[in-house]
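Let me begin by presenting the structure, written as structure tokens, before commenting on it.
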Amino acid sequence: MSTQECNSLQNQKIAIIIPCYNEESTIIQVIDEILAIIPESFIYVFDNNSTDNSRKFVESKIHSLKAAKPSSFCNLFVYHVSTQGKGAVIREAFSLIEADVYVMIDADTQYDTSILPQALKIFTEQKLDMLNIARSAENIVYRLGHSFGNKMFSKLAQILFRTRINDILSGYRIFSYPFVKSFPAHSRGFEIETELTVFALQQHLRCHEIQASYKSRPEFSHSKLSTFKDGFKISLMMLNLLFSERPLFVFGLLSAICCSFSLSLGIPIVMEFLETSKVLRFPTLFVSVGFGVVSIIFGVAGLLAYLVQKGIKESRYLAYLNAKIPS
């Protein structure tokens with residue numbers, strides 16, 4: 001990294017957010033890697049009810065840093081988040097920390113920390129709100145089902161939310177201060193990555209994606225992501241975001257489906273009535289009218305939901321514009 005790049009980074013407060021749950025075997029390695037690459041950064045470890053020695057190891061690291069440089073300010077902190085889940089940790093971190101730039105990274109050593117200076121340079125030069133660092137790895141790195149699930153959810157997001165992000169479940173990202181302070185953070189678990197991506201896209205914020213190597217977990221470290229349980233939660237989150245962020249599309253689609261059923265059932269009855277002046281299939285007529293009424297209801301509901309969502313989006317954007325970086 002050049003001297004100019006170093007000076008650019010030193011002018012900003014960089015907060016490194018590390019969610020931690022039972023990562024005693026890897027957490028110190030991640031901290032050491034970050035301190036070696038960006039020593040001026042502020043590292044915040046958020047312990048999420050770990051049952052191992054993760055927090056003790058971090059506290060011991062803090063004491064060793066203070067002992068090594070007693071006259072200087074220690075830039076490593078540890079906090080406890082009682083509400084279980086990565087989403088709860090990120091919500092707490094975003095509300096607590098004041099910084100110019102925020103980096104979110106996991107505590108399992110799988111993400112490549114050496115790319116951080118380059119990523120921060122891209123983030124700063126392009127004046128981004130979110131930089132997604134996609135994982136570039138062979139399928140053998142992922143647990144069974146994780147690779148397929150990640151590709152499936154990323155492809156669904158590209159179709160449903162019109163995004164170019166190829167790895168929506170990446171836990172390695174960089175955010176701006178306005179993004180962090182205007183992000184609602186409704187998720188509690190691993191679906192937080194999906195919410196972060198969709199929020200940035202729906203608010204039309206400046207986003208970009210780069211790739212970085214993704215390493216295998218150490219043999220003594222275990223993934224906390226449950227293939228089916230968390231996959232189900234992510235699916236529900238995507239469905240919820242689809243209804244809340246694109247209501248006109250969802251209700252319009254439902255309205256069109258009901259309208260097509262209504263017409264397919266009703267047109268033969270109308271043609272029959274024009275020929276015979278009689279309605280011979282009243283049950284079918286009632287079903288056709290019922291679908292027609294439901295179609296109208298869906299259409300009106302979609303318009304109302306769209307107007308409400310538009311107001312919410314505008315209020316979020318105002319919050320984004322009003323978010324001022326602390327001096």
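Labels used: A, B, ... for chains in the order of the structure tokens, numbers from 1 for residues in each chain, and numbers from 1 for ligands as shown.
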
With a cut-off of 8 Å, could you pull out the residues of segment 53-145 of chain A touching segment 16-19 of chain A and give me the nearest pair of atoms for each, distance in Å to one decimal, using only C-alpha atoms, ordered by chain and ascending number, as a tab-separated table?
```
residue	atom	partner	partner_atom	distance
A:Lys86	CA	A:Pro19	CA	6.7
A:Val89	CA	A:Pro19	CA	6.5
A:Ile90	CA	A:Pro19	CA	7.6
A:Ala93	CA	A:Ile17	CA	7.2
A:Tyr102	CA	A:Ile16	CA	6.0
A:Val103	CA	A:Ile16	CA	4.7
A:Met104	CA	A:Ile17	CA	4.8
A:Ile105	CA	A:Ile18	CA	5.4
A:Asp106	CA	A:Ile18	CA	5.6
A:Ala107	CA	A:Ile18	CA	6.0
```

Near-Phe175 of chain A list (8 Å; only C-alpha atoms; drop same-chain fewer than 4 positions) as a PyMOL selection string: chain A and resi 101-103+128-131+179-180

Report the closest atom pair, with its distance in Å rounded to one decimal, for each residue of segment 221-299 of chain A that has an atom no farther than 7 Å from segment 187-198 of chain A; count only C-alpha atoms, sort by chain and then rising residue number, and write it as CSV.
```
residue,atom,partner,partner_atom,distance
A:Asp230,CA,A:Phe190,CA,6.7
A:Lys233,CA,A:Glu191,CA,6.6
A:Ile234,CA,A:Glu191,CA,4.9
A:Met237,CA,A:Glu191,CA,6.6
```

Selection above as a file: all heavy atoms, as a tab-separated table (two decimals), in the first residue's frame:
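Contents of part.tsv, freshly written:
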```tsv
chain	number	residue	atom	x	y	z
A	230	ASP	N	-31.38	-22.07	8.83
A	230	ASP	CA	-31.07	-20.71	8.40
A	230	ASP	C	-31.46	-20.48	6.95
A	230	ASP	O	-31.82	-19.35	6.58
A	230	ASP	CB	-29.58	-20.42	8.59
A	230	ASP	CG	-29.20	-20.31	10.06
A	230	ASP	OD1	-29.82	-19.50	10.77
A	230	ASP	OD2	-28.30	-21.03	10.51
A	233	LYS	N	-35.00	-19.48	7.13
A	233	LYS	CA	-35.12	-18.10	7.61
A	233	LYS	C	-34.78	-17.10	6.51
A	233	LYS	O	-35.43	-16.06	6.38
A	233	LYS	CB	-34.21	-17.88	8.83
A	233	LYS	CG	-34.67	-18.58	10.09
A	233	LYS	CD	-33.72	-18.29	11.25
A	233	LYS	CE	-34.17	-18.95	12.53
A	233	LYS	NZ	-33.23	-18.68	13.65
A	234	ILE	N	-33.75	-17.41	5.74
A	234	ILE	CA	-33.37	-16.53	4.64
A	234	ILE	C	-34.47	-16.47	3.59
A	234	ILE	O	-34.77	-15.41	3.03
A	234	ILE	CB	-32.03	-16.99	4.02
A	234	ILE	CG1	-30.89	-16.81	5.02
A	234	ILE	CG2	-31.72	-16.22	2.74
A	234	ILE	CD1	-29.59	-17.47	4.61
A	237	MET	N	-37.14	-14.27	4.89
A	237	MET	CA	-36.71	-12.88	4.82
A	237	MET	C	-36.84	-12.34	3.41
A	237	MET	O	-37.30	-11.21	3.20
A	237	MET	CB	-35.27	-12.76	5.32
A	237	MET	CG	-34.65	-11.37	5.12
A	237	MET	SD	-35.59	-10.02	5.87
A	237	MET	CE	-35.42	-10.39	7.61
```

Strand (DSSP E) per DSSP on the backbone: members of segment 83-263 of chain A, as a PyMOL selection string: chain A and resi 101-104+130-136+173-176+207-213

Neighbour list for segment 265-277 of chain A as number ranges by chain, cut-off 10 Å, only C-alpha atoms, skip fewer than 3 positions in-chain: A: 259-262, 280-282, 284-289, 291-292

Every residue of segment 193-241 of chain A that DSSP places in alpha helix (DSSP H), as a PyMOL selection string: chain A and resi 193-202+227-241

Write a file of the just-selected residues containing N, CA and C atoms, as an mmCIF file, in the first residue's frame.
```
data_model
loop_
_atom_site.group_PDB
_atom_site.id
_atom_site.type_symbol
_atom_site.label_atom_id
_atom_site.label_comp_id
_atom_site.auth_asym_id
_atom_site.auth_seq_id
_atom_site.Cartn_x
_atom_site.Cartn_y
_atom_site.Cartn_z
ATOM 1 N N GLU A 193 -27.546 -10.491 6.105
ATOM 2 C CA GLU A 193 -26.833 -10.161 4.872
ATOM 3 C C GLU A 193 -27.797 -9.879 3.723
ATOM 4 N N THR A 194 -28.883 -10.668 3.656
ATOM 5 C CA THR A 194 -29.900 -10.445 2.625
ATOM 6 C C THR A 194 -30.559 -9.086 2.816
ATOM 7 N N GLU A 195 -30.880 -8.756 4.063
ATOM 8 C CA GLU A 195 -31.525 -7.470 4.345
ATOM 9 C C GLU A 195 -30.600 -6.303 3.990
ATOM 10 N N LEU A 196 -29.310 -6.433 4.291
ATOM 11 C CA LEU A 196 -28.347 -5.379 3.955
ATOM 12 C C LEU A 196 -28.297 -5.135 2.448
ATOM 13 N N THR A 197 -28.278 -6.222 1.686
ATOM 14 C CA THR A 197 -28.191 -6.111 0.235
ATOM 15 C C THR A 197 -29.436 -5.461 -0.348
ATOM 16 N N VAL A 198 -30.608 -5.955 0.061
ATOM 17 C CA VAL A 198 -31.869 -5.445 -0.488
ATOM 18 C C VAL A 198 -32.083 -3.982 -0.092
ATOM 19 N N PHE A 199 -31.716 -3.629 1.142
ATOM 20 C CA PHE A 199 -31.856 -2.241 1.588
ATOM 21 C C PHE A 199 -31.040 -1.306 0.694
ATOM 22 N N ALA A 200 -29.801 -1.678 0.426
ATOM 23 C CA ALA A 200 -28.937 -0.834 -0.408
ATOM 24 C C ALA A 200 -29.499 -0.686 -1.814
ATOM 25 N N LEU A 201 -30.047 -1.775 -2.348
ATOM 26 C CA LEU A 201 -30.570 -1.737 -3.712
ATOM 27 C C LEU A 201 -31.850 -0.939 -3.799
ATOM 28 N N GLN A 202 -32.764 -1.151 -2.869
ATOM 29 C CA GLN A 202 -34.057 -0.469 -2.909
ATOM 30 C C GLN A 202 -33.931 1.021 -2.626
ATOM 31 N N THR A 227 -27.765 -25.367 7.593
ATOM 32 C CA THR A 227 -28.159 -25.392 6.183
ATOM 33 C C THR A 227 -29.658 -25.215 6.005
ATOM 34 N N PHE A 228 -30.463 -25.999 6.718
ATOM 35 C CA PHE A 228 -31.912 -25.969 6.499
ATOM 36 C C PHE A 228 -32.612 -24.914 7.356
ATOM 37 N N LYS A 229 -32.236 -24.817 8.614
ATOM 38 C CA LYS A 229 -32.885 -23.856 9.512
ATOM 39 C C LYS A 229 -32.645 -22.422 9.055
ATOM 40 N N ASP A 230 -31.379 -22.072 8.835
ATOM 41 C CA ASP A 230 -31.066 -20.712 8.404
ATOM 42 C C ASP A 230 -31.463 -20.477 6.953
ATOM 43 N N GLY A 231 -31.424 -21.547 6.135
ATOM 44 C CA GLY A 231 -31.895 -21.418 4.761
ATOM 45 C C GLY A 231 -33.375 -21.076 4.718
ATOM 46 N N PHE A 232 -34.149 -21.681 5.629
ATOM 47 C CA PHE A 232 -35.582 -21.381 5.718
ATOM 48 C C PHE A 232 -35.804 -19.935 6.162
ATOM 49 N N LYS A 233 -35.002 -19.483 7.130
ATOM 50 C CA LYS A 233 -35.123 -18.098 7.613
ATOM 51 C C LYS A 233 -34.780 -17.096 6.514
ATOM 52 N N ILE A 234 -33.750 -17.407 5.735
ATOM 53 C CA ILE A 234 -33.366 -16.527 4.635
ATOM 54 C C ILE A 234 -34.468 -16.474 3.585
ATOM 55 N N SER A 235 -35.100 -17.634 3.326
ATOM 56 C CA SER A 235 -36.215 -17.675 2.369
ATOM 57 C C SER A 235 -37.365 -16.801 2.847
ATOM 58 N N LEU A 236 -37.694 -16.904 4.135
ATOM 59 C CA LEU A 236 -38.769 -16.069 4.685
ATOM 60 C C LEU A 236 -38.404 -14.592 4.623
ATOM 61 N N MET A 237 -37.136 -14.272 4.893
ATOM 62 C CA MET A 237 -36.713 -12.882 4.825
ATOM 63 C C MET A 237 -36.836 -12.338 3.409
ATOM 64 N N MET A 238 -36.451 -13.128 2.409
ATOM 65 C CA MET A 238 -36.564 -12.691 1.020
ATOM 66 C C MET A 238 -38.026 -12.479 0.639
ATOM 67 N N LEU A 239 -38.904 -13.379 1.102
ATOM 68 C CA LEU A 239 -40.336 -13.238 0.823
ATOM 69 C C LEU A 239 -40.891 -11.989 1.497
ATOM 70 N N ASN A 240 -40.490 -11.772 2.745
ATOM 71 C CA ASN A 240 -40.940 -10.591 3.484
ATOM 72 C C ASN A 240 -40.452 -9.301 2.816
ATOM 73 N N LEU A 241 -39.185 -9.296 2.388
ATOM 74 C CA LEU A 241 -38.637 -8.118 1.721
ATOM 75 C C LEU A 241 -39.294 -7.893 0.363
#
```

Contacts of Ile257 of chain A at 12 Å or less, counting only C-alpha atoms, minus same-chain residues fewer than 5 places along, as a JSON list (two decimals) with N, CA and C atoms, in the first residue's frame?
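Below is the file part25.json, written as the result:
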```
[["chain", "number", "residue", "atom", "x", "y", "z"],
["A", 250, "VAL", "N", -45.64, -7.59, -6.42],
["A", 250, "VAL", "CA", -46.23, -8.80, -5.83],
["A", 250, "VAL", "C", -47.75, -8.79, -5.97],
["A", 251, "PHE", "N", -48.39, -7.71, -5.51],
["A", 251, "PHE", "CA", -49.85, -7.65, -5.57],
["A", 251, "PHE", "C", -50.34, -7.53, -7.01],
["A", 252, "GLY", "N", -49.55, -6.87, -7.86],
["A", 252, "GLY", "CA", -49.92, -6.81, -9.28],
["A", 252, "GLY", "C", -49.90, -8.17, -9.92],
["A", 262, "SER", "N", -60.41, -15.43, -13.59],
["A", 262, "SER", "CA", -61.76, -14.88, -13.73],
["A", 262, "SER", "C", -62.17, -14.84, -15.20],
["A", 263, "LEU", "N", -61.28, -14.39, -16.06],
["A", 263, "LEU", "CA", -61.61, -14.29, -17.48],
["A", 263, "LEU", "C", -61.74, -15.66, -18.13],
["A", 264, "SER", "N", -60.85, -16.59, -17.75],
["A", 264, "SER", "CA", -60.91, -17.93, -18.35],
["A", 264, "SER", "C", -62.20, -18.65, -17.99],
["A", 291, "PHE", "N", -63.20, -14.46, -8.33],
["A", 291, "PHE", "CA", -61.82, -14.20, -8.75],
["A", 291, "PHE", "C", -61.66, -12.76, -9.22],
["A", 292, "GLY", "N", -62.67, -12.24, -9.90],
["A", 292, "GLY", "CA", -62.60, -10.86, -10.37],
["A", 292, "GLY", "C", -62.55, -9.87, -9.22],
["A", 294, "VAL", "N", -61.52, -10.52, -6.13],
["A", 294, "VAL", "CA", -60.23, -10.68, -5.46],
["A", 294, "VAL", "C", -59.12, -9.98, -6.26],
["A", 295, "SER", "N", -59.21, -10.06, -7.59],
["A", 295, "SER", "CA", -58.23, -9.39, -8.44],
["A", 295, "SER", "C", -58.24, -7.88, -8.21],
["A", 296, "ILE", "N", -59.43, -7.31, -8.11],
["A", 296, "ILE", "CA", -59.54, -5.87, -7.86],
["A", 296, "ILE", "C", -58.97, -5.52, -6.48],
["A", 298, "PHE", "N", -56.68, -7.15, -4.76],
["A", 298, "PHE", "CA", -55.21, -7.23, -4.82],
["A", 298, "PHE", "C", -54.63, -5.99, -5.51],
["A", 299, "GLY", "N", -55.28, -5.56, -6.58],
["A", 299, "GLY", "CA", -54.80, -4.38, -7.30],
["A", 299, "GLY", "C", -54.82, -3.13, -6.44]]
```

Selection near Arg91 of chain A, 9 Å with only C-alpha atoms, sequence-local residues under 3 positions removed, as a VMD selection string: chain A and resid 86 to 88 94 to 96 183 to 188

Between atom CA of Asn150 of chain A and atom CA of Arg316 of chain A, distance in Å (one decimal):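 Those two atoms sit 28.3 Å apart.
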
Close residues, segment 117-126 of chain A itself excluded, 10 Å, only C-alpha atoms, min 2 positions apart in chain, as a PyMOL selection string: chain A and resi 1-2+5-6+8-9+12+14+37-38+101-103+113-115+128-133+173-176+206-212

List the spatial neighbours of Tyr21 of chain A as an mmCIF file with N, CA and C atoms, in the first residue's frame - criterion: any atom at most 7 Å away, only C-alpha atoms, same-chain residues fewer than 2 positions off excluded.
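So result00.cif came out as:
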```cif
data_model
loop_
_atom_site.group_PDB
_atom_site.id
_atom_site.type_symbol
_atom_site.label_atom_id
_atom_site.label_comp_id
_atom_site.auth_asym_id
_atom_site.auth_seq_id
_atom_site.Cartn_x
_atom_site.Cartn_y
_atom_site.Cartn_z
ATOM 1 N N PRO A 19 -18.517 -9.950 14.684
ATOM 2 C CA PRO A 19 -19.438 -10.775 15.475
ATOM 3 C C PRO A 19 -18.728 -12.063 15.890
ATOM 4 N N GLU A 23 -15.680 -18.719 18.983
ATOM 5 C CA GLU A 23 -14.576 -18.700 18.010
ATOM 6 C C GLU A 23 -13.236 -18.543 18.723
ATOM 7 N N ASP A 47 -19.260 -10.181 21.412
ATOM 8 C CA ASP A 47 -19.462 -11.559 21.862
ATOM 9 C C ASP A 47 -20.955 -11.829 22.012
ATOM 10 N N ASN A 48 -21.419 -12.883 21.343
ATOM 11 C CA ASN A 48 -22.847 -13.197 21.318
ATOM 12 C C ASN A 48 -23.143 -14.454 22.130
ATOM 13 N N ASN A 49 -22.932 -14.338 23.453
ATOM 14 C CA ASN A 49 -23.209 -15.451 24.388
ATOM 15 C C ASN A 49 -22.318 -16.664 24.133
ATOM 16 N N SER A 50 -21.051 -16.430 23.874
ATOM 17 C CA SER A 50 -20.129 -17.554 23.661
ATOM 18 C C SER A 50 -20.010 -18.392 24.928
#
```

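Residue nearest Phe42 of chain A, chosen from A:Asp108, A:Glu314, A:Asp167, A:Asp100 and counting only C-alpha atoms: A:Asp100.
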